[in-house]
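A.B. asks: Structure file structure_0.json (JSON, C-alpha atoms) right here:
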[["chain", "number", "residue", "atom", "x", "y", "z"],
["A", 171, "MET", "CA", 1.57, -4.51, -17.09],
["A", 172, "GLY", "CA", -1.87, -3.54, -15.85],
["A", 173, "PHE", "CA", -3.00, 0.00, -15.17],
["A", 174, "VAL", "CA", -6.22, 1.36, -13.70],
["A", 175, "HIS", "CA", -7.34, 4.78, -12.60],
["A", 176, "GLY", "CA", -7.24, 4.90, -8.84],
["A", 177, "GLU", "CA", -9.16, 1.72, -7.97],
["A", 178, "PRO", "CA", -8.27, -1.95, -7.47],
["A", 179, "ASP", "CA", -9.57, -4.63, -9.81],
["A", 180, "SER", "CA", -13.31, -5.02, -9.48],
["A", 181, "GLY", "CA", -12.99, -8.71, -8.71],
["A", 182, "ALA", "CA", -10.72, -8.22, -5.69],
["A", 183, "ALA", "CA", -11.78, -8.04, -2.07],
["A", 184, "ALA", "CA", -11.07, -4.39, -1.40],
["A", 185, "GLY", "CA", -12.96, -1.72, 0.55],
["A", 186, "ARG", "CA", -14.22, 1.50, -0.97],
["A", 187, "SER", "CA", -14.24, 4.45, 1.40],
["A", 188, "ASP", "CA", -17.22, 6.13, -0.28],
["A", 189, "ARG", "CA", -19.61, 3.29, 0.53],
["A", 190, "ARG", "CA", -22.04, 3.70, 3.45],
["A", 191, "PRO", "CA", -22.02, 0.84, 5.99],
["A", 192, "ARG", "CA", -24.96, -1.49, 5.97],
["A", 193, "ALA", "CA", -27.28, -1.74, 8.97],
["A", 194, "GLY", "CA", -25.91, -3.72, 11.88],
["A", 195, "THR", "CA", -22.25, -2.90, 11.25],
["A", 196, "LEU", "CA", -21.64, -0.37, 14.02],
["A", 197, "ALA", "CA", -18.46, -2.11, 15.14],
["A", 198, "LEU", "CA", -17.13, -2.00, 11.61],
["A", 199, "CYS", "CA", -18.05, 1.69, 11.37],
["A", 200, "TRP", "CA", -15.91, 2.36, 14.41],
["A", 201, "MET", "CA", -12.99, 0.37, 13.03],
["A", 202, "THR", "CA", -13.30, 2.12, 9.67],
["A", 203, "SER", "CA", -12.84, 5.48, 11.37],
["A", 204, "VAL", "CA", -9.50, 4.50, 12.89],
["A", 205, "LEU", "CA", -7.96, 1.98, 10.49],
["A", 206, "ALA", "CA", -7.89, 3.74, 7.13],
["A", 207, "PRO", "CA", -5.93, 5.62, 6.23],
["A", 208, "GLY", "CA", -3.32, 4.10, 8.47],
["A", 209, "LEU", "CA", -0.51, 1.58, 8.78],
["A", 210, "LEU", "CA", -0.66, -2.13, 9.57],
["A", 211, "LEU", "CA", 2.47, -3.54, 11.19],
["A", 212, "SER", "CA", 2.85, -7.29, 10.88],
["A", 213, "ALA", "CA", 3.44, -9.22, 14.08],
["A", 214, "PRO", "CA", 6.02, -12.01, 14.28],
["A", 215, "PRO", "CA", 6.05, -14.82, 13.70],
["A", 216, "LEU", "CA", 4.21, -14.96, 10.38],
["A", 217, "SER", "CA", 4.36, -18.06, 8.22],
["A", 218, "ASP", "CA", 3.10, -16.17, 5.17],
["A", 219, "PRO", "CA", 6.12, -14.77, 3.27],
["A", 220, "ASN", "CA", 3.91, -12.15, 1.64],
["A", 221, "PHE", "CA", 3.67, -10.30, 4.95],
["A", 222, "GLU", "CA", 6.79, -11.22, 6.93],
["A", 223, "ARG", "CA", 8.08, -8.04, 8.67],
["A", 224, "SER", "CA", 5.79, -6.00, 6.44],
["A", 225, "VAL", "CA", 4.29, -2.55, 6.81],
["A", 226, "VAL", "CA", 1.04, -2.01, 4.93],
["A", 227, "LEU", "CA", -0.30, 1.39, 3.95],
["A", 228, "LEU", "CA", -4.03, 0.82, 4.37],
["A", 229, "SER", "CA", -5.95, 3.02, 1.94],
["A", 230, "ALA", "CA", -9.55, 1.85, 2.33],
["A", 231, "HIS", "CA", -11.51, -0.14, 4.87],
["A", 232, "GLY", "CA", -15.24, -0.65, 5.11],
["A", 233, "PRO", "CA", -18.09, -3.17, 4.95],
["A", 234, "ASP", "CA", -16.76, -4.53, 1.64],
["A", 235, "GLY", "CA", -13.31, -5.28, 3.03],
["A", 236, "ALA", "CA", -9.94, -3.54, 3.05],
["A", 237, "PHE", "CA", -7.29, -2.49, 0.55],
["A", 238, "GLY", "CA", -3.69, -1.30, 0.79],
["A", 239, "TRP", "CA", -0.07, -1.82, -0.22],
["A", 240, "VAL", "CA", 2.97, -3.43, 1.36],
["A", 241, "LEU", "CA", 5.51, -0.60, 1.45],
["A", 242, "ASN", "CA", 8.62, -2.63, 2.21],
["A", 243, "GLY", "CA", 8.14, -5.71, 0.05],
["A", 244, "LYS", "CA", 10.85, -7.47, -1.91],
["A", 245, "GLN", "CA", 12.50, -5.69, -4.80],
["A", 246, "SER", "CA", 11.15, -6.86, -8.15],
["A", 247, "MET", "CA", 13.05, -4.81, -10.76],
["A", 248, "SER", "CA", 14.47, -1.36, -11.39],
["A", 249, "PHE", "CA", 12.19, 1.54, -12.23],
["A", 250, "SER", "CA", 13.91, 1.86, -15.60],
["A", 251, "GLU", "CA", 13.23, -1.80, -16.36],
["A", 252, "LEU", "CA", 9.56, -1.26, -15.52],
["A", 253, "LEU", "CA", 9.30, 1.49, -18.10],
["A", 254, "VAL", "CA", 10.66, -0.86, -20.76],
["A", 255, "ARG", "CA", 8.42, -3.75, -19.78],
["A", 256, "ALA", "CA", 5.39, -1.46, -19.76],
["A", 257, "GLY", "CA", 6.21, -0.31, -23.28],
["A", 258, "ILE", "CA", 6.70, 3.31, -22.26],
["A", 259, "THR", "CA", 10.33, 3.45, -23.40],
["A", 260, "GLU", "CA", 12.23, 1.24, -25.83],
["A", 261, "ALA", "CA", 15.52, 1.37, -23.94],
["A", 262, "ALA", "CA", 16.07, 1.59, -20.20],
["A", 263, "PRO", "CA", 16.46, 5.25, -19.27],
["A", 264, "ASP", "CA", 18.95, 6.44, -16.69],
["A", 265, "LEU", "CA", 16.43, 6.93, -13.91],
["A", 266, "PRO", "CA", 16.79, 6.00, -10.24],
["A", 267, "GLY", "CA", 14.44, 3.86, -8.22],
["A", 268, "VAL", "CA", 13.26, 0.29, -7.79],
["A", 269, "VAL", "CA", 9.95, -1.53, -7.99],
["A", 270, "ARG", "CA", 8.80, -3.55, -5.00],
["A", 271, "VAL", "CA", 6.08, -6.14, -4.45],
["A", 272, "GLY", "CA", 3.07, -4.28, -3.08],
["A", 273, "GLY", "CA", 1.02, -7.37, -2.30],
["A", 274, "PRO", "CA", -0.09, -10.74, -3.65],
["A", 275, "VAL", "CA", -3.20, -9.48, -5.49],
["A", 276, "SER", "CA", -2.99, -8.40, -9.16],
["A", 277, "VAL", "CA", 0.79, -8.62, -9.18],
["A", 278, "GLU", "CA", 1.01, -7.17, -12.70],
["A", 279, "GLN", "CA", -0.76, -3.98, -11.64],
["A", 280, "VAL", "CA", 1.54, -0.99, -11.06],
["A", 281, "TRP", "CA", 0.87, 1.46, -8.25],
["A", 282, "LEU", "CA", 2.71, 4.72, -7.60],
["A", 283, "ILE", "CA", 2.81, 6.23, -4.09],
["A", 284, "TYR", "CA", 4.25, 9.73, -3.73],
["A", 285, "PRO", "CA", 4.18, 12.92, -1.62],
["A", 286, "SER", "CA", 1.73, 15.74, -2.23],
["A", 287, "GLY", "CA", 2.81, 18.37, -4.70],
["A", 288, "VAL", "CA", 5.49, 16.44, -6.59],
["A", 289, "LEU", "CA", 3.30, 15.86, -9.65],
["A", 290, "PRO", "CA", 1.02, 18.28, -11.51],
["A", 291, "ALA", "CA", -2.44, 18.40, -9.95],
["A", 292, "GLU", "CA", -4.12, 18.31, -13.37],
["A", 293, "LEU", "CA", -2.83, 14.81, -14.11],
["A", 294, "GLU", "CA", -5.79, 12.43, -14.23],
["A", 295, "GLY", "CA", -5.93, 9.24, -12.18],
["A", 296, "GLN", "CA", -4.52, 10.54, -8.88],
["A", 297, "MET", "CA", -6.10, 9.99, -5.49],
["A", 298, "GLN", "CA", -5.26, 11.20, -2.01],
["A", 299, "VAL", "CA", -4.64, 8.35, 0.42],
["A", 300, "ALA", "CA", -3.89, 10.45, 3.51],
["A", 301, "PRO", "CA", -2.66, 13.98, 4.21],
["A", 302, "GLY", "CA", 0.55, 14.39, 2.25],
["A", 303, "ILE", "CA", 0.26, 10.98, 0.57],
["A", 304, "TRP", "CA", -1.05, 10.39, -2.95],
["A", 305, "ALA", "CA", -1.36, 7.29, -5.13],
["A", 306, "SER", "CA", -2.07, 6.39, -8.73],
["A", 307, "ALA", "CA", -2.35, 3.38, -10.98],
["A", 308, "SER", "CA", -2.70, 5.53, -14.09],
["A", 309, "ARG", "CA", -0.49, 4.90, -17.09],
["A", 310, "LYS", "CA", -0.60, 8.63, -17.83],
["A", 311, "VAL", "CA", 1.03, 9.36, -14.47],
["A", 312, "LEU", "CA", 3.75, 6.80, -15.14],
["A", 313, "GLU", "CA", 4.36, 8.30, -18.57],
["A", 314, "ALA", "CA", 4.62, 11.78, -17.06],
["A", 315, "ILE", "CA", 7.26, 10.54, -14.63],
["A", 316, "ALA", "CA", 9.19, 8.89, -17.45],
["A", 317, "ASN", "CA", 9.23, 12.20, -19.34],
["A", 318, "SER", "CA", 9.92, 14.59, -16.47],
["A", 319, "GLY", "CA", 12.00, 12.51, -14.05],
["A", 320, "VAL", "CA", 11.41, 10.54, -10.87],
["A", 321, "PRO", "CA", 9.84, 12.78, -8.21],
["A", 322, "ARG", "CA", 11.06, 12.93, -4.64],
["A", 323, "GLY", "CA", 9.84, 10.08, -2.46],
["A", 324, "LEU", "CA", 8.31, 7.98, -5.24],
["A", 325, "ILE", "CA", 7.41, 4.43, -4.17],
["A", 326, "THR", "CA", 6.68, 2.10, -7.08],
["A", 327, "LEU", "CA", 4.82, -1.13, -6.33],
["A", 328, "MET", "CA", 3.40, -4.08, -8.22],
["A", 329, "GLY", "CA", 0.29, -5.67, -6.75],
["A", 330, "TYR", "CA", -1.65, -4.84, -3.63],
["A", 331, "ALA", "CA", -3.11, -6.43, -0.50],
["A", 332, "GLY", "CA", -6.85, -6.99, -0.11],
["A", 333, "TRP", "CA", -9.05, -8.41, 2.64],
["A", 334, "ALA", "CA", -12.60, -9.74, 2.45],
["A", 335, "PRO", "CA", -15.29, -8.30, 4.78],
["A", 336, "TRP", "CA", -14.34, -8.81, 8.43],
["A", 337, "GLN", "CA", -11.15, -10.66, 7.51],
["A", 338, "LEU", "CA", -8.83, -7.88, 8.61],
["A", 339, "GLU", "CA", -10.78, -7.29, 11.82],
["A", 340, "ASN", "CA", -10.42, -10.96, 12.71],
["A", 341, "GLU", "CA", -6.68, -10.94, 11.96],
["A", 342, "ILE", "CA", -6.20, -7.89, 14.17],
["A", 343, "LYS", "CA", -8.22, -9.56, 16.91],
["A", 344, "VAL", "CA", -5.89, -12.58, 16.99],
["A", 345, "GLY", "CA", -2.81, -10.36, 16.97],
["A", 346, "ALA", "CA", -1.60, -10.69, 13.39],
["A", 347, "TRP", "CA", -1.46, -6.93, 12.85],
["A", 348, "LEU", "CA", -0.82, -3.83, 14.90],
["A", 349, "PRO", "CA", -2.79, -0.91, 13.39],
["A", 350, "THR", "CA", -1.47, 2.61, 13.84],
["A", 351, "ASP", "CA", -1.72, 6.04, 12.27],
["A", 352, "VAL", "CA", 0.22, 7.16, 9.22],
["A", 353, "ASN", "CA", 2.00, 10.32, 8.14],
["A", 354, "ALA", "CA", 4.04, 11.25, 5.09],
["A", 355, "GLU", "CA", 7.32, 11.31, 7.01],
["A", 356, "ILE", "CA", 7.27, 7.64, 8.04],
["A", 357, "VAL", "CA", 6.23, 6.59, 4.53],
["A", 358, "PHE", "CA", 8.66, 8.62, 2.44],
["A", 359, "ASP", "CA", 11.63, 9.34, 4.71],
["A", 360, "THR", "CA", 12.31, 5.85, 6.04],
["A", 361, "PRO", "CA", 14.43, 3.31, 4.13],
["A", 362, "PRO", "CA", 12.35, 0.20, 3.35],
["A", 363, "ALA", "CA", 14.82, -2.07, 5.18],
["A", 364, "GLU", "CA", 14.29, -0.04, 8.37],
["A", 365, "LEU", "CA", 10.58, 0.70, 8.03],
["A", 366, "TRP", "CA", 9.19, -2.21, 10.07],
["A", 367, "ALA", "CA", 11.47, -1.62, 13.08],
["A", 368, "ARG", "CA", 11.08, 2.16, 12.98],
["A", 369, "ALA", "CA", 7.32, 1.92, 12.71],
["A", 370, "TYR", "CA", 7.24, -0.13, 15.90],
["A", 371, "GLN", "CA", 9.58, 2.33, 17.62],
["A", 372, "ARG", "CA", 7.30, 5.15, 16.56],
["A", 373, "VAL", "CA", 4.34, 3.66, 18.44],
["A", 374, "GLY", "CA", 6.45, 2.59, 21.42],
["A", 375, "ALA", "CA", 5.71, -1.12, 20.98],
["A", 376, "SER", "CA", 7.88, -4.19, 20.60],
["A", 377, "PRO", "CA", 7.27, -6.69, 17.78],
["A", 378, "MET", "CA", 8.06, -9.53, 20.18],
["A", 379, "SER", "CA", 5.07, -8.59, 22.36],
["A", 380, "PHE", "CA", 2.88, -10.35, 19.81],
["A", 381, "ASN", "CA", 2.30, -14.09, 19.69],
["A", 382, "THR", "CA", 0.46, -14.87, 16.46],
["A", 383, "ARG", "CA", -0.79, -18.22, 15.26],
["A", 384, "THR", "CA", -3.17, -16.93, 12.59],
["A", 385, "VAL", "CA", -1.58, -15.18, 9.63],
["A", 386, "GLY", "CA", -2.86, -12.53, 7.30],
["A", 387, "SER", "CA", -3.74, -13.32, 3.72],
["A", 388, "ALA", "CA", -4.84, -11.27, 0.79]]
Mind turning this structure into structure tokens?
C.D. replies:
Amino acid sequence: MGFVHGEPDSGAAAGRSDRRPRAGTLALCWMTSVLAPGLLLSAPPLSDPNFERSVVLLSAHGPDGAFGWVLNGKQSMSFSELLVRAGITEAAPDLPGVVRVGGPVSVEQVWLIYPSGVLPAELEGQMQVAPGIWASASRKVLEAIANSGVPRGLITLMGYAGWAPWQLENEIKVGAWLPTDVNAEIVFDTPPAELWARAYQRVGASPMSFNTRTVGSA
């Protein structure tokens, strides 16, 4: 299992929100201001199984690309099994929760998404994604959860989604994604099986209003 401290692998195509746009990228500057943090709702039909009926929490978007996690991906294992596989516990503890596929990039990397205030602020390796939403890829955070119990709203993911520069913009242009805003309620209080449909209801749009021939990839 791979663990980092708040950033994707350096070799992946992922945006970093602290980078200033290069000259001549005014359109990208505008898109950066409205896309991340936010949600990406996949538009049917998609031939890529990685993103079929998916909702992506977009964390970063800029001139270097974009980075986020699929929130409602397929279940991979139980949270207890993850702790054993990661070598944090020898036997599977009696803890609730499942691990889902967060995207096709770095599928052995574990990411934790959780509400504000459920973990001690002094824990290293935490980053704020959006108001009320925090994330970590720190092993120390995972160990703290194993010792103290699964916090409310925890979403555990393996892997992430990344886009090269301008790739996401082009996919949105051809109708592969519907970008919208994000809040903690839609992320943590919606069952994964209902997230895609509810996210569309939230913005007052119908998934069938999209006709997509170009699919997203990461």
A.B. asks: Around the point (6.2, 7.9, -15.8) in the file's coordinates, collect all residues with an atom within 10 Å, using only C-alpha atoms, and return them as a PyMOL selection string.
C.D. replies: chain A and resi 249-250+252-253+258-259+282+308-321
A.B. asks: Using all atoms listed in the file, find each residue of region 216-250 of chain A with at least one atom at most 9 Å away from an atom of region 284-302 of chain A; report its shortest atom-to-atom pair and that distance in Å (one decimal), sort the rows by chain and rising residue number, and return the result as a Markdown table.
C.D. replies:
| residue | atom | partner | partner_atom | distance |
| --- | --- | --- | --- | --- |
| A:Leu227 | CA | A:Val299 | CA | 8.9 |
| A:Leu228 | CA | A:Val299 | CA | 8.5 |
| A:Ser229 | CA | A:Val299 | CA | 5.7 |
| A:Ala230 | CA | A:Val299 | CA | 8.4 |
A.B. asks: Rank nothing, just name the residue among A:Asp359, A:Glu341, A:Glu251, A:Glu222 nearest to Val269 (chain A), using only C-alpha atoms.
C.D. replies: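 With only C-alpha atoms as the atom set, the closest residue is A:Glu251.
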A.B. asks: Which of these, A:Gly323, A:Gly374, A:Gly329, A:Gly208, has the shortest distance to Pro266 (chain A) once you count all atoms listed in the file?
C.D. replies: A:Gly323
A.B. asks: Taking into account only C-alpha atoms, which residue in the set A:Leu211, A:Ala367, A:Gly235, A:Leu265 is nearest to Val352 (chain A)?
C.D. replies: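 Using only C-alpha atoms, the shortest distance to Val352 (chain A) belongs to A:Leu211.
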A.B. asks: Closest to Gln337 (chain A) among A:Pro207, A:Pro349, A:Gly232, A:Gly272, using all atoms listed in the file?
C.D. replies: A:Gly232
A.B. asks: Report, in Å with one decimal, the straight-line distance from CA of Arg322 (chain A) to CA of Phe221 (chain A).
C.D. replies: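 Computed distance, CA of Arg322 (chain A) to CA of Phe221 (chain A), equals 26.2 Å.
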A.B. asks: Report the distance between CA of Val275 (chain A) and CA of Thr360 (chain A) in Å, rounded to one decimal place.
C.D. replies: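 A separation of 24.7 Å between them.
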A.B. asks: What is the distance, in Å and to one decimal place, between CA of Ile342 (chain A) and CA of Arg368 (chain A)?
C.D. replies: 20.0 Å
